[in-house]
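Source file: structure-v5.txt. Holds: compact mmCIF, C-alpha atoms and all ligand atoms.
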```txt
# COMPACT_ATOMS: atom_id res chain seq x y z
CA MET S 145 66.39 35.24 31.72
CA ASN S 146 64.03 34.65 28.79
CA PHE S 147 63.74 30.91 28.35
CA GLU S 148 62.72 29.08 25.19
CA ASP S 149 61.23 25.65 24.84
CA ASN S 150 63.49 24.21 22.17
CA ARG S 151 66.67 22.19 21.93
CA ALA S 152 68.62 24.89 20.10
CA PHE S 153 68.08 27.26 23.03
CA ALA S 154 69.30 24.66 25.53
CA GLU S 155 72.37 23.91 23.44
CA ALA S 156 73.18 27.59 23.07
CA GLN S 157 73.06 27.94 26.89
CA ASP S 158 75.44 25.00 27.20
CA GLN S 159 77.86 26.62 24.76
CA ARG S 160 77.88 29.77 26.86
CA ASP S 161 78.25 27.93 30.17
CA SER S 162 81.63 28.78 31.72
CA LEU S 163 81.46 25.53 33.75
CA ARG S 164 80.79 23.31 30.73
CA GLU S 165 84.17 21.56 30.76
CA PHE S 166 83.42 20.08 34.21
CA ARG S 167 80.84 17.73 32.68
CA SER S 168 83.59 15.75 30.98
CA LYS S 169 85.36 15.22 34.31
CA PHE S 170 82.57 12.88 35.46
CA LYS S 171 81.56 9.31 34.64
CA PHE S 172 77.97 9.15 33.41
CA PRO S 173 75.97 5.90 33.67
CA VAL S 174 75.79 3.67 30.60
CA ASP S 175 73.05 3.85 27.95
CA ARG S 176 69.88 1.90 28.67
CA ASN S 177 67.28 0.71 26.14
CA GLY S 178 68.96 2.88 23.53
CA PHE S 179 68.66 6.02 25.68
CA SER S 180 71.61 8.12 26.81
CA PRO S 181 71.53 8.92 30.54
CA VAL S 182 69.66 11.91 31.94
CA TYR S 183 71.08 11.79 35.45
CA MET S 184 69.37 14.09 37.93
CA CYS S 185 70.00 12.25 41.16
CA GLY S 186 72.89 14.19 42.69
CA ASN S 187 70.68 14.73 45.73
CA SER S 188 71.04 11.03 46.43
CA LEU S 189 74.36 9.95 44.91
CA GLY S 190 76.55 12.27 42.87
CA LEU S 191 78.38 10.97 39.80
CA GLN S 192 81.95 9.73 39.98
CA PRO S 193 84.65 12.31 39.23
CA GLU S 194 87.50 10.83 37.21
CA LEU S 195 89.86 12.44 39.70
CA ALA S 196 88.35 10.28 42.47
CA ALA S 197 89.51 7.07 40.81
CA GLN S 198 92.95 8.57 40.30
CA TYR S 199 93.27 9.65 43.94
CA VAL S 200 92.10 6.31 45.31
CA HIS S 201 94.56 4.57 43.04
CA GLU S 202 97.37 6.81 44.29
CA GLU S 203 96.67 5.75 47.87
CA LEU S 204 96.61 2.07 46.93
CA GLN S 205 99.94 2.58 45.21
CA LYS S 206 101.37 4.41 48.22
CA TRP S 207 100.32 1.52 50.43
CA ALA S 208 101.95 -0.93 48.00
CA ASP S 209 105.17 1.04 47.65
CA PHE S 210 105.73 2.40 51.15
CA ALA S 211 103.48 0.38 53.46
CA VAL S 212 103.63 1.81 57.00
CA ASP S 213 105.86 4.66 55.87
CA GLY S 214 102.86 6.04 53.97
CA HIS S 215 101.81 7.59 57.28
CA PHE S 216 104.74 9.96 57.22
CA HIS S 217 106.23 10.12 53.75
CA ALA S 218 105.22 10.63 50.15
CA ASN S 219 102.66 13.01 48.76
CA ARG S 220 99.73 13.56 51.21
CA PRO S 221 101.00 11.53 54.21
CA TRP S 222 98.20 9.62 55.94
CA LEU S 223 98.96 11.15 59.34
CA SER S 224 97.52 14.47 58.23
CA PHE S 225 95.50 13.24 55.26
CA HIS S 226 92.18 14.53 56.65
CA ARG S 227 93.56 18.08 56.42
CA GLN S 228 93.41 17.82 52.64
CA THR S 229 89.68 18.48 53.11
CA THR S 230 89.93 21.40 55.55
CA GLU S 231 90.16 24.22 53.05
CA GLY S 232 87.40 22.79 50.83
CA PHE S 233 84.97 22.16 53.70
CA ALA S 234 85.68 25.58 55.22
CA THR S 235 85.01 27.30 51.89
CA LEU S 236 81.79 25.40 51.16
CA THR S 237 80.39 25.91 54.66
CA GLY S 238 81.61 29.45 55.38
CA SER S 239 83.63 28.27 58.35
CA LYS S 240 87.08 28.81 59.82
CA HIS S 241 89.62 26.04 59.28
CA ILE S 242 89.63 25.26 62.98
CA GLU S 243 85.87 24.56 62.90
CA VAL S 244 85.71 21.72 60.34
CA VAL S 245 86.92 18.15 60.15
CA ALA S 246 86.42 15.12 57.90
CA MET S 247 85.50 12.02 59.89
CA ASN S 248 83.12 9.05 60.09
CA THR S 249 79.76 9.15 58.35
CA LEU S 250 76.82 11.48 58.79
CA THR S 251 74.60 9.72 61.32
CA VAL S 252 77.63 8.71 63.38
CA ASN S 253 78.73 12.34 63.48
CA LEU S 254 75.25 13.47 64.54
CA HIS S 255 75.50 11.08 67.47
CA LEU S 256 79.02 12.14 68.43
CA LEU S 257 78.07 15.79 68.29
CA MET S 258 74.89 15.19 70.25
CA ALA S 259 77.00 13.42 72.86
CA SER S 260 78.67 16.80 73.35
CA PHE S 261 75.79 19.19 72.76
CA TYR S 262 72.70 17.36 73.94
CA ARG S 263 73.04 17.57 77.72
CA PRO S 264 69.46 17.24 78.96
CA THR S 265 68.20 18.17 82.41
CA ASP S 266 64.86 17.21 83.98
CA SER S 267 63.33 20.52 82.97
CA ARG S 268 65.01 20.89 79.58
CA PHE S 269 65.33 17.55 77.80
CA LYS S 270 63.42 17.86 74.52
CA ILE S 271 64.83 17.88 70.99
CA LEU S 272 63.07 19.75 68.21
CA ILE S 273 63.12 18.29 64.70
CA GLU S 274 60.91 18.89 61.68
CA ALA S 275 57.89 16.64 61.31
CA LYS S 276 59.09 15.04 58.04
CA ALA S 277 62.69 14.67 59.20
CA PHE S 278 64.91 12.18 57.37
CA PRO S 279 64.38 8.89 59.26
CA SER S 280 68.03 8.52 60.29
CA ASP S 281 67.94 11.91 62.04
CA ARG S 282 64.70 11.02 63.78
CA PHE S 283 66.05 7.66 64.94
CA ALA S 284 69.26 9.29 66.15
CA VAL S 285 67.36 11.90 68.15
CA ALA S 286 64.90 9.43 69.67
CA SER S 287 67.69 7.09 70.73
CA GLN S 288 69.70 9.92 72.29
CA ILE S 289 66.66 10.90 74.34
CA ARG S 290 66.17 7.28 75.40
CA MET S 291 69.86 6.83 76.26
CA HIS S 292 69.60 9.78 78.64
CA GLY S 293 66.70 8.12 80.43
CA PHE S 294 63.84 10.12 78.93
CA ASN S 295 60.86 9.06 76.86
CA PRO S 296 61.10 9.93 73.14
CA ASP S 297 57.31 10.20 72.94
CA GLU S 298 57.57 13.19 75.25
CA GLY S 299 61.02 14.31 74.19
CA VAL S 300 60.63 14.75 70.42
CA VAL S 301 59.02 18.06 69.47
CA GLU S 302 58.01 18.50 65.83
CA TRP S 303 57.96 21.61 63.67
CA ALA S 304 55.26 20.73 61.16
CA SER S 305 53.89 22.20 57.98
CA ALA S 306 50.48 23.82 58.30
CA ASP S 307 49.22 22.04 55.17
CA GLU S 308 49.76 19.23 52.67
CA SER S 309 52.50 21.08 50.80
CA GLY S 310 55.09 20.25 53.44
CA TYR S 311 56.14 23.91 53.51
CA LEU S 312 57.85 24.85 56.77
CA ASP S 313 56.97 28.33 58.00
CA HIS S 314 59.59 29.94 60.24
CA ASN S 315 56.87 31.85 62.09
CA ASP S 316 55.56 28.49 63.27
CA LEU S 317 59.03 27.63 64.57
CA ALA S 318 59.18 30.94 66.43
CA ALA S 319 55.75 30.28 67.97
CA LEU S 320 56.76 26.76 68.98
CA LEU S 321 59.88 28.03 70.71
CA GLU S 322 57.89 30.78 72.38
CA ARG S 323 55.56 28.14 73.81
CA GLU S 324 57.94 25.29 74.60
CA GLY S 325 61.45 26.69 74.24
CA ASP S 326 62.23 26.39 77.96
CA ALA S 327 61.86 22.62 77.76
CA ILE S 328 63.88 22.21 74.55
CA ALA S 329 67.56 21.36 74.88
CA LEU S 330 68.43 21.10 71.19
CA LEU S 331 67.18 21.98 67.71
CA LEU S 332 68.33 19.50 65.07
CA LEU S 333 67.22 20.79 61.68
CA PRO S 334 68.23 20.40 58.06
CA GLY S 335 69.57 23.12 55.78
CA VAL S 336 67.46 21.76 52.93
CA GLN S 337 64.37 19.65 53.60
CA TYR S 338 65.07 16.43 51.69
CA TYR S 339 61.51 15.68 50.59
CA THR S 340 60.30 19.08 49.40
CA GLY S 341 63.69 20.62 48.58
CA GLN S 342 62.83 23.74 50.62
CA VAL S 343 65.92 25.65 51.76
CA LEU S 344 65.38 26.65 55.37
CA ASP S 345 66.50 29.99 56.76
CA MET S 346 69.45 28.67 58.72
CA ALA S 347 70.47 32.08 60.05
CA GLU S 348 66.98 32.53 61.48
CA ILE S 349 66.91 29.01 62.93
CA CYS S 350 70.20 29.68 64.74
CA ARG S 351 68.96 33.02 66.01
CA LEU S 352 65.63 31.65 67.26
CA GLY S 353 67.30 28.65 68.90
CA ARG S 354 69.92 30.75 70.63
CA ASN S 355 67.33 33.24 71.92
CA ALA S 356 65.33 30.37 73.40
CA GLY S 357 68.43 29.08 75.20
CA CYS S 358 68.64 25.92 73.07
CA LYS S 359 71.65 24.37 71.39
CA VAL S 360 71.40 24.24 67.59
CA GLY S 361 72.66 21.52 65.24
CA LEU S 362 72.27 21.59 61.45
CA ASP S 363 72.15 18.59 59.14
CA LEU S 364 73.60 19.83 55.86
CA ALA S 365 73.31 16.60 53.86
CA HIS S 366 71.29 18.27 51.09
CA ALA S 367 72.77 21.72 51.55
CA ILE S 368 76.52 21.37 51.15
CA GLY S 369 77.69 21.97 47.60
CA ASN S 370 74.17 23.12 46.76
CA VAL S 371 73.45 26.36 48.61
CA GLU S 372 75.48 29.12 50.20
CA LEU S 373 76.41 28.52 53.84
CA HIS S 374 77.84 30.87 56.49
CA LEU S 375 78.26 28.64 59.50
CA ASN S 376 80.79 30.73 61.39
CA GLN S 377 78.52 33.76 61.12
CA TRP S 378 75.19 31.97 61.73
CA ALA S 379 76.82 30.14 64.65
CA PRO S 380 74.98 26.86 65.08
CA ASP S 381 76.73 24.91 67.83
CA PHE S 382 77.45 22.09 65.42
CA ALA S 383 76.69 20.81 61.94
CA ALA S 384 77.30 17.62 59.99
CA TRP S 385 77.02 16.52 56.36
CA CYS S 386 77.65 13.57 54.09
CA THR S 387 79.83 13.83 51.00
CA TYR S 388 78.17 11.39 48.57
CA LYS S 389 75.24 13.60 47.53
CA TYR S 390 76.14 16.90 45.84
CA LEU S 391 79.80 16.46 46.77
CA ASN S 392 80.17 13.36 44.56
CA ALA S 393 82.64 11.54 46.83
CA GLY S 394 81.09 8.10 46.35
CA PRO S 395 78.83 5.74 48.32
CA GLY S 396 79.50 5.89 52.05
CA ALA S 397 82.43 8.30 51.64
CA ILE S 398 83.81 10.02 54.72
CA ALA S 399 81.57 12.78 56.03
CA GLY S 400 82.22 16.20 57.52
CA ALA S 401 81.52 17.97 60.77
CA PHE S 402 81.55 21.54 62.07
CA VAL S 403 81.91 22.73 65.64
CA HIS S 404 81.59 26.47 66.18
CA GLU S 405 84.79 28.20 67.28
CA SER S 406 83.17 29.21 70.56
CA HIS S 407 83.31 25.50 71.54
CA CYS S 408 86.75 24.87 70.15
CA SER S 409 88.84 25.65 73.18
CA PRO S 410 90.69 22.57 74.39
CA GLU S 411 89.63 23.19 78.00
CA ASN S 412 86.12 22.22 76.98
CA LEU S 413 86.60 18.45 77.23
CA ASN S 414 83.12 17.26 76.49
CA GLN S 415 83.76 14.81 73.68
CA LEU S 416 84.09 11.06 73.30
CA HIS S 417 87.81 10.65 72.90
CA GLY S 418 90.13 8.50 70.86
CA TRP S 419 93.79 8.83 69.96
CA TRP S 420 93.11 10.87 66.80
CA GLY S 421 91.59 13.62 68.94
CA HIS S 422 94.89 13.80 70.79
CA ASP S 423 97.32 16.53 69.85
CA GLU S 424 99.23 15.22 66.85
CA LYS S 425 102.59 16.52 68.10
CA THR S 426 102.67 14.17 71.07
CA ARG S 427 100.22 11.47 69.96
CA PHE S 428 102.88 8.87 69.29
CA LYS S 429 104.52 9.27 72.66
CA MET S 430 101.65 6.98 73.67
CA ARG S 431 101.23 8.50 77.11
CA ALA S 432 98.30 7.72 79.38
CA SER S 433 97.26 11.36 79.65
CA PHE S 434 95.09 13.00 76.96
CA GLU S 435 96.34 16.16 75.30
CA PRO S 436 93.52 17.61 73.23
CA ALA S 437 93.92 18.63 69.60
CA ALA S 438 92.74 22.12 68.68
CA GLY S 439 89.33 22.78 67.15
CA ALA S 440 86.93 20.33 65.54
CA GLU S 441 89.74 17.77 65.17
CA LEU S 442 89.31 17.11 68.88
CA TRP S 443 86.14 15.17 67.94
CA GLN S 444 88.12 12.70 65.81
CA MET S 445 88.55 9.26 67.30
CA SER S 446 90.19 6.84 64.91
CA ASN S 447 92.75 7.17 62.20
CA PRO S 448 90.58 7.77 59.15
CA PRO S 449 89.87 5.32 56.29
CA ILE S 450 92.16 6.82 53.67
CA LEU S 451 90.56 5.01 50.73
CA SER S 452 87.17 6.56 51.55
CA LEU S 453 88.70 9.95 52.16
CA ALA S 454 90.67 10.18 48.91
CA PRO S 455 87.53 10.73 46.77
CA VAL S 456 86.46 13.53 49.12
CA VAL S 457 89.76 15.29 48.46
CA ALA S 458 89.23 14.86 44.71
CA SER S 459 85.69 16.15 44.90
CA LEU S 460 86.60 19.23 46.93
CA GLU S 461 89.32 20.06 44.46
CA LEU S 462 86.71 20.24 41.70
CA PHE S 463 84.48 22.47 43.82
CA GLN S 464 87.39 24.77 44.60
CA GLU S 465 88.21 24.99 40.91
CA ALA S 466 84.63 25.70 39.84
CA GLY S 467 83.90 28.04 42.77
CA LEU S 468 80.64 27.89 44.69
CA PRO S 469 79.36 31.35 43.63
CA ARG S 470 79.63 30.36 39.96
CA LEU S 471 77.98 27.01 40.64
CA ILE S 472 75.10 28.60 42.49
CA GLN S 473 74.58 31.13 39.73
CA LYS S 474 74.40 28.33 37.15
CA SER S 475 72.21 26.25 39.44
CA ARG S 476 69.65 29.05 39.67
CA SER S 477 69.29 29.36 35.93
CA LEU S 478 69.48 25.62 35.26
CA THR S 479 66.84 24.66 37.83
CA GLY S 480 64.93 27.78 36.83
CA TYR S 481 64.88 26.55 33.24
CA LEU S 482 63.75 23.07 34.23
CA ALA S 483 60.98 24.48 36.45
CA TRP S 484 59.89 26.80 33.63
CA LEU S 485 59.73 23.91 31.10
CA LEU S 486 57.70 21.77 33.50
CA GLU S 487 55.29 24.59 34.25
CA LYS S 488 54.88 25.44 30.58
CA ARG S 489 54.35 21.90 29.33
CA PHE S 490 52.75 20.01 32.21
CA ASN S 491 51.04 22.58 34.33
CA GLU S 492 47.73 20.65 34.11
CA SER S 493 49.13 17.39 35.42
CA ILE S 494 52.32 17.99 37.42
CA ASP S 495 53.03 20.36 40.26
CA THR S 496 56.22 21.27 42.09
CA LEU S 497 56.30 21.11 45.88
CA THR S 498 59.55 23.05 46.09
CA PRO S 499 59.02 26.75 46.83
CA ALA S 500 60.41 28.80 43.90
CA ASP S 501 62.17 31.39 46.04
CA GLU S 502 63.49 28.97 48.66
CA ARG S 503 65.24 26.25 46.71
CA GLY S 504 68.61 24.91 45.68
CA CYS S 505 68.90 22.70 42.62
CA GLN S 506 66.26 20.12 43.62
CA LEU S 507 62.67 20.08 42.39
CA SER S 508 60.14 17.75 44.02
CA LEU S 509 57.45 16.91 41.50
CA ILE S 510 54.02 15.70 42.44
CA VAL S 511 51.47 14.31 40.01
CA ARG S 512 48.23 16.25 40.42
CA ASP S 513 46.22 14.52 37.73
CA LYS S 514 44.77 11.59 39.64
CA SER S 515 44.14 9.66 36.41
CA ILE S 516 47.92 9.28 36.13
CA GLU S 517 49.58 6.62 38.23
CA ALA S 518 52.68 8.40 39.55
CA LYS S 519 54.78 5.30 40.22
CA ALA S 520 54.07 3.97 36.70
CA LEU S 521 55.19 7.31 35.32
CA PHE S 522 58.40 7.13 37.32
CA ASP S 523 59.06 3.58 36.07
CA LYS S 524 58.55 4.74 32.46
CA LEU S 525 61.12 7.47 33.02
CA CYS S 526 63.58 4.92 34.45
CA ALA S 527 63.10 2.75 31.37
CA MET S 528 64.10 5.77 29.29
CA ASN S 529 67.29 6.12 31.33
CA VAL S 530 66.13 9.12 33.33
CA THR S 531 67.45 8.92 36.90
CA GLY S 532 65.58 10.87 39.54
CA ASP S 533 64.31 9.33 42.71
CA TRP S 534 60.98 8.14 43.95
CA ARG S 535 59.74 9.05 47.42
CA GLU S 536 56.57 7.51 48.80
CA PRO S 537 53.75 8.25 48.50
CA ASP S 538 53.85 10.24 45.24
CA VAL S 539 56.92 12.45 44.83
CA ILE S 540 59.59 12.36 42.13
CA ARG S 541 62.70 14.27 43.13
CA ILE S 542 65.00 15.57 40.41
CA ALA S 543 68.11 17.63 40.97
CA PRO S 544 70.22 18.99 38.13
CA ALA S 545 73.70 19.37 39.63
CA PRO S 546 75.42 22.44 38.16
CA LEU S 547 78.83 20.76 38.17
CA TYR S 548 77.87 18.10 35.61
CA ASN S 549 74.30 18.67 34.41
CA ASN S 550 73.43 21.10 31.64
CA PHE S 551 70.51 22.81 29.92
CA SER S 552 70.26 20.03 27.35
CA ASP S 553 69.66 17.58 30.21
CA ALA S 554 66.81 19.77 31.43
CA PHE S 555 65.31 19.92 27.94
CA GLU S 556 65.75 16.16 27.45
CA PHE S 557 64.06 15.51 30.79
CA ALA S 558 61.00 17.46 29.63
CA GLU S 559 61.00 15.59 26.29
CA ARG S 560 61.11 12.18 27.94
CA LEU S 561 58.53 13.14 30.54
CA GLU S 562 56.20 14.12 27.71
CA ILE S 563 56.73 10.77 25.97
CA ALA S 564 56.27 8.89 29.26
CA LEU S 565 52.96 10.68 29.89
CA THR S 566 51.61 9.78 26.44
CA GLN S 567 52.61 6.14 26.88
CA LEU S 568 50.81 5.58 30.17
C1 LIG S 601 71.38 11.38 53.26
C2 LIG S 601 70.97 11.73 54.63
C3 LIG S 601 71.33 10.92 55.71
C4 LIG S 601 72.12 9.64 55.52
O1 LIG S 601 72.86 9.31 56.64
P1 LIG S 601 74.16 8.39 56.55
O2 LIG S 601 74.61 8.33 57.93
O3 LIG S 601 75.11 9.05 55.60
O4 LIG S 601 73.75 7.06 56.00
C5 LIG S 601 70.94 11.32 57.00
N1 LIG S 601 70.23 12.45 57.17
C6 LIG S 601 69.85 13.24 56.14
C7 LIG S 601 69.05 14.47 56.39
C8 LIG S 601 70.21 12.89 54.84
O5 LIG S 601 69.83 13.67 53.83
```
Show the structure stored in the file as structure tokens.
Amino acid sequence: MNFEDNRAFAEAQDQRDSLREFRSKFKFPVDRNGFSPVYMCGNSLGLQPELAAQYVHEELQKWADFAVDGHFHANRPWLSFHRQTTEGFATLTGSKHIEVVAMNTLTVNLHLLMASFYRPTDSRFKILIEAKAFPSDRFAVASQIRMHGFNPDEGVVEWASADESGYLDHNDLAALLEREGDAIALLLLPGVQYYTGQVLDMAEICRLGRNAGCKVGLDLAHAIGNVELHLNQWAPDFAAWCTYKYLNAGPGAIAGAFVHESHCSPENLNQLHGWWGHDEKTRFKMRASFEPAAGAELWQMSNPPILSLAPVVASLELFQEAGLPRLIQKSRSLTGYLAWLLEKRFNESIDTLTPADERGCQLSLIVRDKSIEAKALFDKLCAMNVTGDWREPDVIRIAPAPLYNNFSDAFEFAERLEIALTQL
């Protein structure tokens, strides 16, 4: 596409955008210091869909009107409420229905899935992560290693970038597995690296891990709703994601998990069990014996928090309506436009860490001009009601979400960045 650096061009793109009506289905933050919001923080917390408030309210009303009967009666009975997310999760992750389930929160799910898939032996006890892994993933992995009686200092293997850019080269991963693969029990890697925004080659990661005899788990926190996923085909052993980033389901909303169909046979009883992993048909007979549910639902433990699940249902409905292929197409041109504007206007002072041909919607900006204090620049942007996020030591992450951001937001971001730079 031939981009132009002017507001009229951005507005014309917005007019032509077939997803433009979705913007009005979201609540944008209030004005600040006379500035309308430029919200580009969907990588951290997506905006509130109006439908989310409606769905939460419906559940409160159901509770008020029917009390315990809400489990079995009315629209969306609580007993099977989690299944309202099955279709949406399966579509977004390229999975079969049997492979996905909504439950818990992300780090909890990583632990539960590692309880099943991290089964270390004396000769194969290591877990491979990337060197700049999200702290929660690193803590989870180190504590799993410790819980199994091994030393995390020896047990954590890191796939690192060869240079300052943070870029992860898959050839380095292959070499690492060639060298140490026999000692590695599990690869736990992200779909999108949260700091640089690099989209990893998940198919290749699964292939390399499998060939080295390791289990593979993917953390899709920054990938779901952002990039195309084909989990059933790529066949990681498991995956997990949160729903409050690009999926816009609200702070701490219920997360999702994937277990590959090859592990979904009920004879394979290697989970931590609770009554919600029991076959629903006989669950309320309250017998002492455990009859496993089919598929990923077997990993469920408790009856789910309906009020935190209702926004997930709302969110997935919007994604189903918009369609991921259309969203990704818009995302490419929208982030492409933003990257082009930044390059054109600020190429002397600001660089982008995110590789242009391996990215979703996020751009990680780094201030190259050492005479500019990056944190002061970020604070100026905040004062002008631009929401991105700051990552120590010197990165500003911005992520135009194709469901509610538009080309005018991208243009306005560039305008305010220019003002902020002149005011420093
Ligand atoms: C956002 C994120 C988390 C957050 O974990 P919670 O359990 O939802 O608090 C963990 N890991 C990664 C990679 C993330 O991006």
Grab me every residue within 7 Å of ligand LIG 601 (chain S), counting all atoms listed in the file, and send it over as a PDB file with C-alpha atoms, in the coordinates of the input.
```pdb
ATOM      1  CA  SER S 188      71.040  11.030  46.430  1.00  0.00           C
ATOM      2  CA  THR S 249      79.760   9.150  58.350  1.00  0.00           C
ATOM      3  CA  LEU S 250      76.820  11.480  58.790  1.00  0.00           C
ATOM      4  CA  THR S 251      74.600   9.720  61.320  1.00  0.00           C
ATOM      5  CA  VAL S 252      77.630   8.710  63.380  1.00  0.00           C
ATOM      6  CA  ALA S 277      62.690  14.670  59.200  1.00  0.00           C
ATOM      7  CA  PHE S 278      64.910  12.180  57.370  1.00  0.00           C
ATOM      8  CA  SER S 280      68.030   8.520  60.290  1.00  0.00           C
ATOM      9  CA  ASP S 281      67.940  11.910  62.040  1.00  0.00           C
ATOM     10  CA  PRO S 334      68.230  20.400  58.060  1.00  0.00           C
ATOM     11  CA  TYR S 338      65.070  16.430  51.690  1.00  0.00           C
ATOM     12  CA  ASP S 363      72.150  18.590  59.140  1.00  0.00           C
ATOM     13  CA  ALA S 365      73.310  16.600  53.860  1.00  0.00           C
ATOM     14  CA  HIS S 366      71.290  18.270  51.090  1.00  0.00           C
ATOM     15  CA  CYS S 386      77.650  13.570  54.090  1.00  0.00           C
ATOM     16  CA  GLY S 396      79.500   5.890  52.050  1.00  0.00           C
TER      17      GLY S 396
END
```
Excluding same-chain residues fewer than 5 positions from Glu424 in chain S, what lies within 10 Å of it counting only C-alpha atoms, as a compact mmCIF listing (two decimals) with C-alpha atoms, in the coordinates of the input?
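Written output follows (selection12.txt):
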```
# COMPACT_ATOMS: atom_id res chain seq x y z
CA LEU S 223 98.96 11.15 59.34
CA SER S 224 97.52 14.47 58.23
CA TRP S 419 93.79 8.83 69.96
CA LYS S 429 104.52 9.27 72.66
CA GLU S 435 96.34 16.16 75.30
CA PRO S 436 93.52 17.61 73.23
CA ALA S 437 93.92 18.63 69.60
CA ALA S 438 92.74 22.12 68.68
CA GLU S 441 89.74 17.77 65.17
```
Return the padded bounding box of range 489-494 of chain S as lines of an AutoDock Vina configuration file: axis-aligned, built from all atoms listed in the file, 4 Å added on each side, with centre and edge lengths in Å to one decimal.
```
center_x = 51.0
center_y = 20.0
center_z = 33.4
size_x = 14.6
size_y = 13.2
size_z = 16.1
```
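For the residues S:Leu471, S:Ser446, S:Val456, S:Val403, ranking by smallest atom-to-atom distance to Val244 in chain S using only C-alpha atoms places S:Val403 first.
Across the structure, CA of Ser477 in chain S and CA of Phe166 in chain S are spaced 17.0 Å apart.
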* Return the single residue from S:Ala286, S:Val301, S:Cys408, S:Val245 that is closest to Trp385 in chain S, with distances computed using all atoms listed in the file. => S:Val245
* Please, which residues are within 10 Å of (65.2, 7.3, 37.0) by the file's coordinates, counting all atoms listed in the file, and could they come as number ranges by chain? -> S: 181-185, 522-534, 540-542
* Asked: Smallest atom-to-atom distance to Asn550 in chain S: which of S:Arg164, S:Arg512, S:Arg151, S:Arg268, using only C-alpha atoms?
  -> S:Arg164
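Distances to His374 in chain S were evaluated for S:Met430, S:Leu312, S:Leu236, S:Met291 using all atoms listed in the file, and the minimum falls at S:Leu236.
Note that CA of Ile349 in chain S and CA of Ser260 in chain S are 19.9 Å apart.
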* Residues within 12 Å of Pro469 in chain S, all atoms listed in the file, excluding chain neighbours under 3 positions, as number ranges by chain -> S: 163, 235-236, 369-373, 463-466, 472-476, 546-547
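The list of residues with at least one atom within 12 Å of Pro410 in chain S, based on all atoms listed in the file and without residues fewer than 2 positions apart in the same chain, reads Ile242, Glu405, Ser406, His407, Cys408, Asn412, Leu413, Asn414, Gln415, Gly421, His422, Asp423, Phe434, Glu435, Pro436, Ala437, Ala438, Gly439, Ala440, Glu441, Leu442 and Trp443 of chain S.
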